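Notes follow once the structure below has been shown.
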Amino acid sequence: MIIPGKEEALIEMIATLNVGEAFKKIAEKIVAHKRITDEEALLLFEKASLGLTASLANFIREEKHGDKVYFNRNFHIEPTNVCVFTCKFCSYSRLYAHRDEGWQLSIPQMMDIVKSYDGKPVTEVHIVGGVHPKMDLNYFCDFISQIKQHRPDLHIKGFTAVELDYMFRKAKLTAKEGINKLKEAGLQSMPGGGAEIFDTEIRKQISADKVDAEGWLKIHEEAHLAGMHTNATMLYGHIENYSHRIDHMSRLRNLQDKTHGFNTFIPLKFRNQNNDMSHVHESSIVEDMKMYAVARIYMDNFPHLKAYWPMLGRQNAQLSLSFGVDDMDGTIDDSTKIYSMAGSEEQTPTMSTEQLVTLISQAKRVAVERDTLYNVVKSYAAKEETTFDAALN
Ligand code: V47
Ligand code: SF4
């Protein structure tokens, strides 16, 4: 199928690359807005050059979002790092028996954090932490309603499906009942954590004791049915193989077909410091960029693809803007410890809005401040650069 314009140019460019019929077929599907199969995703992972996957992913990214790169002004609250679970990749949690080595914030302490942002133009609070045996559903409903009373304009995005599954089971509520209770208290959306890798065998090896794939998907489905938007993550680059990644993305793509409730897919690069998987090598930057590109191509029904810079590092996140990524998360304000404790180069993750805008402009994209639901707050015109781009640290 020949379509004039950009689509035709992509097909012609692929034709000149001498890449073989299978890749030409994938390119034709992409310009015709047809979905690629699992086998085609595997072919891209195993055999495509980085340049080819980048071109295909970038085509889709520009069709969906033009040159825009989204970010928001947010801060995180991590109520505790005490956790009943023992995920092998986790550098952050402490068992309840060792709770003195960790932190457990009271509601007044967490409200002090919220109040420290009074008068500042943040639009979102992101609440996520360990699964503390004594912080239950009522505790968090109370906390959320206090935030809403204090600052009704702040969007509350909170709790992974892992935290929710534990809270709901303890409260003897179904996922539907629990979500409705949190929604009434003021919860507006959910982050994508806890998904890790859905495959049963791999999940058993890296996080045996927490909610399984079906439970994770069920909670997100119920949140979508209750009218909430959620995100989805995938922890990659450890002991999984490409087929496990495709299986993970396929289950998410299938649920999205049903509910259309996911906003953003976030591949999370495994970091290997200070955890029980320190012997596992981290993925290369080539592998990271390929992961983003294949995700953009395969997850055709996900509006957004996010590079979470505190984990990937700001320079690599900047690079990912040419591999399908259209979202760089937020300013974060040094309010998360998950990745610094796991060995990310971002030891004090905070970026001013100006730094984020510069990072995006250097990649010749247009920075757009968004709210949690991707409504535009402000668009920043690209700056004219006359000298070489200096690295932003
Ligand atoms: O589920 C933990 C990951 C996740 C390590 O939805 C690790 O907008 C790599 O989900 N190496 C929690 N990853 C964070 C999360 C998140 C972050 C930012 C934005 C959003 C969003 C969601 O962190 C966990 C786990 O997959 N994680 N340890 C590690 N060593
Ligand atoms: Fe607990 Fe989350 Fe760490 Fe697993 S990844 S041990 S659920 S804090």
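Order determines the names: the first chain of the structure tokens is A, the second B, and so forth; residues in each chain are numbered 1 upward, and ligands are numbered 1 upward as they are shown.
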For the contact check between chain A and ligand 2, emit one row per residue of chain A within 10 Å, containing the shortest atom pair and the distance in Å rounded to one decimal, counting only C-alpha atoms and all ligand atoms, chain then rising number order, as a Markdown table.
```
| residue | atom | partner | partner_atom_place_in_ligand_line | distance |
| --- | --- | --- | --- | --- |
| A:Thr80 | CA | ligand 2 | 8 (S) | 8.7 |
| A:Asn81 | CA | ligand 2 | 8 (S) | 6.1 |
| A:Val82 | CA | ligand 2 | 8 (S) | 7.2 |
| A:Cys83 | CA | ligand 2 | 1 (Fe) | 4.7 |
| A:Val84 | CA | ligand 2 | 1 (Fe) | 6.5 |
| A:Phe85 | CA | ligand 2 | 6 (S) | 4.6 |
| A:Thr86 | CA | ligand 2 | 6 (S) | 4.4 |
| A:Cys87 | CA | ligand 2 | 4 (Fe) | 4.2 |
| A:Lys88 | CA | ligand 2 | 6 (S) | 7.3 |
| A:Phe89 | CA | ligand 2 | 5 (S) | 7.1 |
| A:Cys90 | CA | ligand 2 | 3 (Fe) | 4.6 |
| A:Ser91 | CA | ligand 2 | 3 (Fe) | 7.0 |
| A:Tyr92 | CA | ligand 2 | 3 (Fe) | 6.0 |
| A:Ser93 | CA | ligand 2 | 3 (Fe) | 5.0 |
| A:Arg94 | CA | ligand 2 | 6 (S) | 7.7 |
| A:Leu95 | CA | ligand 2 | 6 (S) | 8.5 |
| A:Val128 | CA | ligand 2 | 8 (S) | 8.8 |
| A:Gly129 | CA | ligand 2 | 8 (S) | 5.9 |
| A:Gly130 | CA | ligand 2 | 8 (S) | 3.8 |
| A:Val131 | CA | ligand 2 | 1 (Fe) | 5.8 |
| A:His132 | CA | ligand 2 | 1 (Fe) | 8.6 |
| A:Thr160 | CA | ligand 2 | 2 (Fe) | 8.5 |
| A:Ala161 | CA | ligand 2 | 7 (S) | 9.7 |
| A:Val162 | CA | ligand 2 | 7 (S) | 6.3 |
| A:Glu163 | CA | ligand 2 | 7 (S) | 7.3 |
| A:Tyr166 | CA | ligand 2 | 7 (S) | 9.9 |
| A:Gly193 | CA | ligand 2 | 2 (Fe) | 8.2 |
| A:Gly194 | CA | ligand 2 | 2 (Fe) | 6.5 |
| A:Ala195 | CA | ligand 2 | 5 (S) | 9.7 |
| A:Glu196 | CA | ligand 2 | 5 (S) | 8.7 |
| A:Ile206 | CA | ligand 2 | 4 (Fe) | 9.1 |
| A:Ser207 | CA | ligand 2 | 4 (Fe) | 6.6 |
| A:Ala208 | CA | ligand 2 | 4 (Fe) | 9.4 |
| A:Asp209 | CA | ligand 2 | 4 (Fe) | 8.7 |
| A:Lys210 | CA | ligand 2 | 7 (S) | 6.6 |
| A:Val211 | CA | ligand 2 | 7 (S) | 9.0 |
| A:Asn275 | CA | ligand 2 | 3 (Fe) | 10.0 |
| A:Ile338 | CA | ligand 2 | 8 (S) | 8.5 |
```
Note to self: as JSON, numbers by chain, please: every residue in range 127-340 of chain A that DSSP puts in strand (DSSP E or B).
What the structure shows: {"A": [127, 155, 156, 157, 158, 189, 190, 229, 230, 231, 232, 233, 234, 235, 236, 262, 263, 264, 265, 266, 267, 268, 269, 304, 305, 306, 327, 328, 329, 330]}
Next item on the list: Could you pull out the residues in range 303-365 of chain A that DSSP calls helix (DSSP H, G or I) from the backbone, as a list in words?
Entry: Trp309, Pro310, Met311, Leu312, Arg314, Gln315, Asn316, Ala317, Gln318, Leu319, Ser320, Leu321, Ser322, Thr353, Glu354, Gln355, Leu356, Val357, Thr358, Leu359, Ile360, Ser361 and Gln362 of chain A
Write the selection just made, keeping N, CA and C atoms, as a PDB file, in the first residue's frame?
```
ATOM      1  N   TRP A 309      13.563   8.988  33.918  1.00  0.00           N
ATOM      2  CA  TRP A 309      14.963   9.408  33.940  1.00  0.00           C
ATOM      3  C   TRP A 309      15.699   9.124  35.247  1.00  0.00           C
ATOM      4  N   PRO A 310      15.042   9.109  36.436  1.00  0.00           N
ATOM      5  CA  PRO A 310      15.811   8.804  37.638  1.00  0.00           C
ATOM      6  C   PRO A 310      16.425   7.406  37.585  1.00  0.00           C
ATOM      7  N   MET A 311      15.811   6.523  36.793  1.00  0.00           N
ATOM      8  CA  MET A 311      16.321   5.166  36.700  1.00  0.00           C
ATOM      9  C   MET A 311      17.299   5.025  35.545  1.00  0.00           C
ATOM     10  N   LEU A 312      16.987   5.656  34.422  1.00  0.00           N
ATOM     11  CA  LEU A 312      17.781   5.476  33.200  1.00  0.00           C
ATOM     12  C   LEU A 312      18.972   6.444  33.172  1.00  0.00           C
ATOM     13  N   ARG A 314      19.672  10.898  33.080  1.00  0.00           N
ATOM     14  CA  ARG A 314      19.066  11.943  32.237  1.00  0.00           C
ATOM     15  C   ARG A 314      19.607  11.946  30.814  1.00  0.00           C
ATOM     16  N   GLN A 315      20.898  11.603  30.627  1.00  0.00           N
ATOM     17  CA  GLN A 315      21.452  11.621  29.259  1.00  0.00           C
ATOM     18  C   GLN A 315      20.827  10.507  28.413  1.00  0.00           C
ATOM     19  N   ASN A 316      20.667   9.334  29.010  1.00  0.00           N
ATOM     20  CA  ASN A 316      20.074   8.221  28.261  1.00  0.00           C
ATOM     21  C   ASN A 316      18.588   8.468  27.996  1.00  0.00           C
ATOM     22  N   ALA A 317      17.932   9.103  28.959  1.00  0.00           N
ATOM     23  CA  ALA A 317      16.522   9.439  28.750  1.00  0.00           C
ATOM     24  C   ALA A 317      16.393  10.416  27.580  1.00  0.00           C
ATOM     25  N   GLN A 318      17.347  11.328  27.483  1.00  0.00           N
ATOM     26  CA  GLN A 318      17.353  12.285  26.370  1.00  0.00           C
ATOM     27  C   GLN A 318      17.506  11.547  25.033  1.00  0.00           C
ATOM     28  N   LEU A 319      18.403  10.569  25.022  1.00  0.00           N
ATOM     29  CA  LEU A 319      18.626   9.767  23.809  1.00  0.00           C
ATOM     30  C   LEU A 319      17.361   9.008  23.415  1.00  0.00           C
ATOM     31  N   SER A 320      16.631   8.525  24.414  1.00  0.00           N
ATOM     32  CA  SER A 320      15.446   7.706  24.133  1.00  0.00           C
ATOM     33  C   SER A 320      14.379   8.480  23.363  1.00  0.00           C
ATOM     34  N   LEU A 321      14.491   9.823  23.334  1.00  0.00           N
ATOM     35  CA  LEU A 321      13.496  10.627  22.602  1.00  0.00           C
ATOM     36  C   LEU A 321      13.589  10.387  21.097  1.00  0.00           C
ATOM     37  N   SER A 322      14.642   9.716  20.639  1.00  0.00           N
ATOM     38  CA  SER A 322      14.734   9.321  19.222  1.00  0.00           C
ATOM     39  C   SER A 322      14.383   7.852  19.035  1.00  0.00           C
ATOM     40  N   THR A 353      12.447  22.769  36.008  1.00  0.00           N
ATOM     41  CA  THR A 353      11.707  22.787  34.749  1.00  0.00           C
ATOM     42  C   THR A 353      12.626  23.259  33.636  1.00  0.00           C
ATOM     43  N   GLU A 354      13.486  24.223  33.932  1.00  0.00           N
ATOM     44  CA  GLU A 354      14.385  24.746  32.902  1.00  0.00           C
ATOM     45  C   GLU A 354      15.351  23.667  32.405  1.00  0.00           C
ATOM     46  N   GLN A 355      15.857  22.872  33.330  1.00  0.00           N
ATOM     47  CA  GLN A 355      16.767  21.793  32.919  1.00  0.00           C
ATOM     48  C   GLN A 355      16.051  20.762  32.046  1.00  0.00           C
ATOM     49  N   LEU A 356      14.824  20.407  32.443  1.00  0.00           N
ATOM     50  CA  LEU A 356      14.065  19.436  31.647  1.00  0.00           C
ATOM     51  C   LEU A 356      13.799  19.987  30.243  1.00  0.00           C
ATOM     52  N   VAL A 357      13.428  21.257  30.179  1.00  0.00           N
ATOM     53  CA  VAL A 357      13.125  21.878  28.887  1.00  0.00           C
ATOM     54  C   VAL A 357      14.390  21.910  28.019  1.00  0.00           C
ATOM     55  N   THR A 358      15.537  22.223  28.636  1.00  0.00           N
ATOM     56  CA  THR A 358      16.798  22.264  27.880  1.00  0.00           C
ATOM     57  C   THR A 358      17.141  20.881  27.339  1.00  0.00           C
ATOM     58  N   LEU A 359      16.977  19.875  28.196  1.00  0.00           N
ATOM     59  CA  LEU A 359      17.269  18.492  27.788  1.00  0.00           C
ATOM     60  C   LEU A 359      16.431  18.101  26.566  1.00  0.00           C
ATOM     61  N   ILE A 360      15.176  18.474  26.610  1.00  0.00           N
ATOM     62  CA  ILE A 360      14.252  18.131  25.517  1.00  0.00           C
ATOM     63  C   ILE A 360      14.585  18.946  24.264  1.00  0.00           C
ATOM     64  N   SER A 361      14.881  20.243  24.450  1.00  0.00           N
ATOM     65  CA  SER A 361      15.213  21.101  23.297  1.00  0.00           C
ATOM     66  C   SER A 361      16.487  20.629  22.613  1.00  0.00           C
ATOM     67  N   GLN A 362      17.458  20.161  23.404  1.00  0.00           N
ATOM     68  CA  GLN A 362      18.711  19.682  22.809  1.00  0.00           C
ATOM     69  C   GLN A 362      18.462  18.503  21.866  1.00  0.00           C
TER      70      GLN A 362
END
```
Note to self: Residues within 8 Å of Ala41 in chain A, please, as a PyMOL selection string. Count only C-alpha atoms; anything in the same chain fewer than 3 positions from it doesn't count.
What the structure shows: chain A and resi 36-38+44-45+246+294+298
Can those selected residues be exported to a file as a PDB file, in the first residue's frame so that it contains C-alpha atoms?
```pdb
ATOM      1  CA  ILE A  36       2.649  -6.304  14.492  1.00  0.00           C
ATOM      2  CA  THR A  37       2.544  -9.907  15.707  1.00  0.00           C
ATOM      3  CA  ASP A  38       4.546 -11.481  18.530  1.00  0.00           C
ATOM      4  CA  LEU A  44      12.833  -6.889  15.706  1.00  0.00           C
ATOM      5  CA  PHE A  45      14.422  -7.720  19.056  1.00  0.00           C
ATOM      6  CA  ILE A 246       6.698  -9.886  24.411  1.00  0.00           C
ATOM      7  CA  VAL A 294      10.166  -2.246  20.078  1.00  0.00           C
ATOM      8  CA  TYR A 298       4.339  -3.251  19.522  1.00  0.00           C
TER       9      TYR A 298
END
```
Could you list, as an mmCIF file with N, CA, C and O atoms, in the first residue's frame, every residue within 8 Å of His304 in chain A, counting only C-alpha atoms and ignoring same-chain residues fewer than 4 positions away?
```
data_model
loop_
_atom_site.group_PDB
_atom_site.id
_atom_site.type_symbol
_atom_site.label_atom_id
_atom_site.label_comp_id
_atom_site.auth_asym_id
_atom_site.auth_seq_id
_atom_site.Cartn_x
_atom_site.Cartn_y
_atom_site.Cartn_z
ATOM 1 N N ASN A 263 -2.644 4.840 30.264
ATOM 2 C CA ASN A 263 -2.096 6.031 29.604
ATOM 3 C C ASN A 263 -0.723 5.750 29.027
ATOM 4 O O ASN A 263 -0.410 6.109 27.907
ATOM 5 N N THR A 264 0.136 5.113 29.849
ATOM 6 C CA THR A 264 1.558 5.123 29.537
ATOM 7 C C THR A 264 2.212 3.791 29.857
ATOM 8 O O THR A 264 1.941 3.198 30.912
ATOM 9 N N PHE A 265 3.086 3.363 28.954
ATOM 10 C CA PHE A 265 3.903 2.172 29.214
ATOM 11 C C PHE A 265 5.307 2.633 29.595
ATOM 12 O O PHE A 265 5.875 3.521 28.938
ATOM 13 N N VAL A 325 10.150 7.370 22.573
ATOM 14 C CA VAL A 325 9.665 7.926 23.849
ATOM 15 C C VAL A 325 9.083 9.329 23.647
ATOM 16 O O VAL A 325 9.653 10.143 22.921
ATOM 17 N N ASP A 326 7.958 9.608 24.304
ATOM 18 C CA ASP A 326 7.368 10.954 24.209
ATOM 19 C C ASP A 326 7.128 11.557 25.588
ATOM 20 O O ASP A 326 6.533 12.625 25.700
ATOM 21 N N ASP A 327 7.570 10.872 26.656
ATOM 22 C CA ASP A 327 7.279 11.351 28.004
ATOM 23 C C ASP A 327 8.504 11.145 28.881
ATOM 24 O O ASP A 327 9.119 10.080 28.851
#
```
Note to self: Residues near Asp112 in chain A, anyone? I mean within 12 Å using only C-alpha atoms, not counting same-chain ones fewer than 5 positions away, as a list of chain:residue names.
What the structure shows: A:Ile77, A:Leu105, A:Ser106, A:Ile107, A:Tyr117, A:Asp118, A:Phe143, A:Gln146, A:Ile147, A:His150
Notebook entry, point to check: What does the distance between CA of Ser189 in chain A and CA of Met228 in chain A come to in Å, to one decimal place?
Noted result: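 Between these atoms lies a distance of 5.3 Å.
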Next item on the list: Can you work out the spacing between CA of Glu7 in chain A and CA of Glu28 in chain A in Å, to one decimal?
Entry: 8.6 Å
Note to self: When you look at Glu201 in chain A with a cut-off of 12 Å (counting only C-alpha atoms), what residues show up, excluding the ones that are within fewer than 6 positions of it in the same chain? I need them as a PyMOL selection string.
What the structure shows: chain A and resi 207-208+212-213+239-241+244
Check: Near Asp136 in chain A, counting only C-alpha atoms, which residues have an atom at most 9 Å away, once you skip same-chain residues fewer than 4 positions from it, shown as a PyMOL selection string?
Finding: chain A and resi 132+140-141+166-168+170-171
Write the selection just made, keeping N, CA and C atoms, as a PDB file, in the first residue's frame?
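The resulting file, out.pdb, is reproduced below:
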```
ATOM      1  N   HIS A 132       3.684  -2.278  53.916  1.00  0.00           N
ATOM      2  CA  HIS A 132       3.855  -2.309  55.377  1.00  0.00           C
ATOM      3  C   HIS A 132       2.672  -3.058  55.997  1.00  0.00           C
ATOM      4  N   PHE A 140      -4.563   4.744  54.520  1.00  0.00           N
ATOM      5  CA  PHE A 140      -4.301   5.478  53.283  1.00  0.00           C
ATOM      6  C   PHE A 140      -5.521   6.287  52.812  1.00  0.00           C
ATOM      7  N   CYS A 141      -6.741   5.782  53.090  1.00  0.00           N
ATOM      8  CA  CYS A 141      -7.933   6.579  52.735  1.00  0.00           C
ATOM      9  C   CYS A 141      -7.917   7.887  53.538  1.00  0.00           C
ATOM     10  N   TYR A 166      -2.554  -6.301  48.610  1.00  0.00           N
ATOM     11  CA  TYR A 166      -2.347  -6.630  50.026  1.00  0.00           C
ATOM     12  C   TYR A 166      -3.383  -5.914  50.897  1.00  0.00           C
ATOM     13  N   MET A 167      -3.562  -4.605  50.640  1.00  0.00           N
ATOM     14  CA  MET A 167      -4.533  -3.823  51.446  1.00  0.00           C
ATOM     15  C   MET A 167      -5.951  -4.382  51.317  1.00  0.00           C
ATOM     16  N   PHE A 168      -6.327  -4.741  50.083  1.00  0.00           N
ATOM     17  CA  PHE A 168      -7.703  -5.207  49.852  1.00  0.00           C
ATOM     18  C   PHE A 168      -7.919  -6.570  50.509  1.00  0.00           C
ATOM     19  N   LYS A 170      -6.361  -7.746  53.126  1.00  0.00           N
ATOM     20  CA  LYS A 170      -6.432  -7.541  54.588  1.00  0.00           C
ATOM     21  C   LYS A 170      -7.781  -6.974  55.005  1.00  0.00           C
ATOM     22  N   ALA A 171      -8.331  -6.104  54.155  1.00  0.00           N
ATOM     23  CA  ALA A 171      -9.628  -5.476  54.473  1.00  0.00           C
ATOM     24  C   ALA A 171     -10.803  -6.372  54.071  1.00  0.00           C
TER      25      ALA A 171
END
```
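Minimum distance to Met111 in chain A across A:Ile144, A:Ala97, A:Leu173, A:Leu252 (counting only C-alpha atoms) occurs at A:Ile144.
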Checklist line | Point-to-point distance in Å for CA of Met190 in chain A and CA of Asn274 in chain A | finding: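 Rounded to one decimal, the two atoms are 27.4 Å apart.
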Checklist line | Using only C-alpha atoms and all ligand atoms: which of A:Ile26, A:Val368, A:Leu17, A:Ile197 has the shortest distance to ligand 1 | finding: A:Ile197
